[in-house]
Amino acid sequence: MSLMLRILCVSGSLVTLLFITSNIRRRKVQIEDSIFWVLLAVALLVVAVFPGIASVASQLLGFQAPSNFVFVVVIAILLAKLFSLSTEVSSLKHRLNELAQEEALLSQEEEENNSARQA
Amino acid sequence: MKILAIIPAYNEEECLEATVRNLEATCPTVDYLVVNDGSTDRTREICEQRGFRCVNLPINTGLSSGFQTGMKYAERHGYDAAVQFDADGQHLPQYIPVMAQAMEQNDAAVVVASRTLANEAPTGARGAGSKLISALIRITTGKRITDPTSGMRMYNAQLIREFAHGFDLTPEPDTLAMLARRGETIVEVPAHMEERQGGESYLNLPHIVRYMARTCLSILMFQWFRK
């Protein structure tokens, strides 16, 4: 890993941590949902500070350069995260629809009861 | 047989009243429920002023969820069968008793009103899409459904329950394919349909592409794994 790439990783990681913190301050994201990003930023920081980790891993797994190894791992983690967001969106859609449906059915029932009482 | 016609309505102020009036006049023994899916036009006012039986979703949730609302109503009120019925006047109520009879005679889970059997197969791009879906169902399940994209379908009590509690059950051809593969009896009856009498069609290009992608993916890939 070149010095330049290490500097880039360290600063990227620090900027990410700052960005997350400011979003929590401004109530844009819940702490629970920030865990993933904090861990990712810290992992990046560790790899940048101790590039030996990436070197050893890339040799073991047959990567030509430690930087390639870091890229592949980051991309894989991000894809997994992206998919988990899709499942979360699906689940939210489902639950939102359920709520809307129950609300609609309840108020219909109430109206029916009211008009039955008046009649 | 207690039958509920579920009429999903999203911004259908133009023809909803005529559709419901026609249904009431033609099939006085069939109950109906308008599912107003968060319309932004006068759909809700029309239902309230005319005294139509109607549930109002607070937001627009889409056709599947609107239909599911109707299925929940059907389940809670003990209906034996529920039929999908378009608000735009395409579907003719006189076929509802015919479909109900076909359901009873064949002990069918689903009865589809088929334009193809009435020699009115959809033509052009719509016809091509319909033929493709029909072929996919044929190949994957061995069952022949001549008009899988017909929107007028009747479901029995067991399926009312399944739709009411489903996670991703659409009132669309891919569900027909899944049911056919499961060995459910699906019967078709010949039916004439009108052109839509008003309102806006969903048939724009992005919608068609998404619809076909979802339907083909569901039939070709996911139906083998769904629970």
# chains A, B, ... in the order shown; residues from 1 in each chain; ligands from 1

call {"tool": "select_by_dssp", "arguments": {"residues": "range 5-221 of chain B", "states": "strand (DSSP E or B)", "output": "ChimeraX atom specification"}}
result
/B:5-9,31-37,54-57,81-84,110-114,153-156,186-190

call {"tool": "residues_around", "arguments": {"residues": "range 101-110 of chain A", "least_positions_apart": "3", "cutoff": "12 Å", "atoms": "only C-alpha atoms", "output": "VMD selection string"}}
result
(chain A and resid 94 to 98 113 to 117) or (chain B and resid 33 to 38 48 52 to 62 64 to 77 164 to 165)

call {"tool": "residues_around", "arguments": {"residues": "Val49 in chain A", "least_positions_apart": "5", "cutoff": "12 Å", "atoms": "only C-alpha atoms", "output": "list in words"}}
result
Met1, Ser2, Leu3, Leu5, Arg6, Ile7, Leu8, Cys9, Val10, Ser11, Ser13, Val42, Ala43, Leu44 and Ala54 of chain A

call {"tool": "closest_residue", "arguments": {"among": "B:Met152, B:Ala102, B:Ile160, B:Leu132", "to": "Met193 in chain B", "atoms": "only C-alpha atoms"}}
result
B:Met152

call {"tool": "residues_around", "arguments": {"residues": "Asn23 in chain A", "least_positions_apart": "6", "cutoff": "12 Å", "atoms": "only C-alpha atoms", "output": "PyMOL selection string"}}
result
chain A and resi 16-17+29-31+33-34+37

call {"tool": "residues_around", "arguments": {"residues": "Tyr95 in chain B", "least_positions_apart": "3", "cutoff": "8 Å", "atoms": "only C-alpha atoms", "output": "JSON, numbers by chain"}}
result
{"B": [92, 98, 99, 113, 191]}

call {"tool": "closest_residue", "arguments": {"among": "B:Met154, B:Ala87, B:Ala5, B:Ala81", "to": "Glu194 in chain B", "atoms": "only C-alpha atoms"}}
result
B:Ala87

call {"tool": "residues_around", "arguments": {"residues": "Val74 in chain A", "least_positions_apart": "4", "cutoff": "12 Å", "atoms": "only C-alpha atoms", "output": "PyMOL selection string"}}
result
chain A and resi 9+37+40-41+43-44+47+67-70+78-81

call {"tool": "atom_distance", "arguments": {"atom1": "CA of Ile219 in chain B", "atom2": "CA of Asp174 in chain B"}}
result
5.5 Å

call {"tool": "select_by_dssp", "arguments": {"residues": "range 85-172 of chain B", "states": "alpha helix (DSSP H)", "output": "PyMOL selection string"}}
result
chain B and resi 95-106+124-141+157-165

call {"tool": "residues_around", "arguments": {"residues": "Val187 in chain B", "least_positions_apart": "2", "cutoff": "8 Å", "atoms": "only C-alpha atoms", "output": "VMD selection string"}}
result
chain B and resid 102 to 103 106 108 110 to 112 185 189

call {"tool": "write_last_selection", "arguments": {"atoms": "N, CA and C atoms", "output": "tab-separated table (two decimals), in the first residue's frame"}}
result
chain	number	residue	atom	x	y	z
B	102	ALA	N	-68.86	-21.53	-12.22
B	102	ALA	CA	-67.71	-22.32	-12.64
B	102	ALA	C	-66.86	-22.72	-11.43
B	103	MET	N	-66.77	-21.83	-10.46
B	103	MET	CA	-65.99	-22.13	-9.26
B	103	MET	C	-66.62	-23.27	-8.48
B	106	ASN	N	-66.48	-26.77	-10.50
B	106	ASN	CA	-65.16	-27.39	-10.63
B	106	ASN	C	-64.39	-27.42	-9.32
B	108	ALA	N	-63.04	-24.98	-7.96
B	108	ALA	CA	-61.82	-24.30	-8.38
B	108	ALA	C	-61.34	-23.32	-7.31
B	110	VAL	N	-59.34	-20.69	-8.36
B	110	VAL	CA	-59.36	-19.44	-9.10
B	110	VAL	C	-60.19	-19.61	-10.37
B	111	VAL	N	-61.00	-18.60	-10.69
B	111	VAL	CA	-61.67	-18.57	-11.98
B	111	VAL	C	-61.27	-17.27	-12.68
B	112	VAL	N	-60.77	-17.41	-13.91
B	112	VAL	CA	-60.32	-16.24	-14.66
B	112	VAL	C	-61.33	-15.97	-15.78
B	185	THR	N	-56.77	-25.83	-8.74
B	185	THR	CA	-57.58	-25.84	-9.95
B	185	THR	C	-57.85	-24.41	-10.40
B	189	VAL	N	-63.38	-18.90	-17.86
B	189	VAL	CA	-64.66	-18.82	-18.56
B	189	VAL	C	-64.54	-17.73	-19.62

call {"tool": "atom_distance", "arguments": {"atom1": "CA of Val30 in chain B", "atom2": "CA of Ile3 in chain B"}}
result
5.5 Å
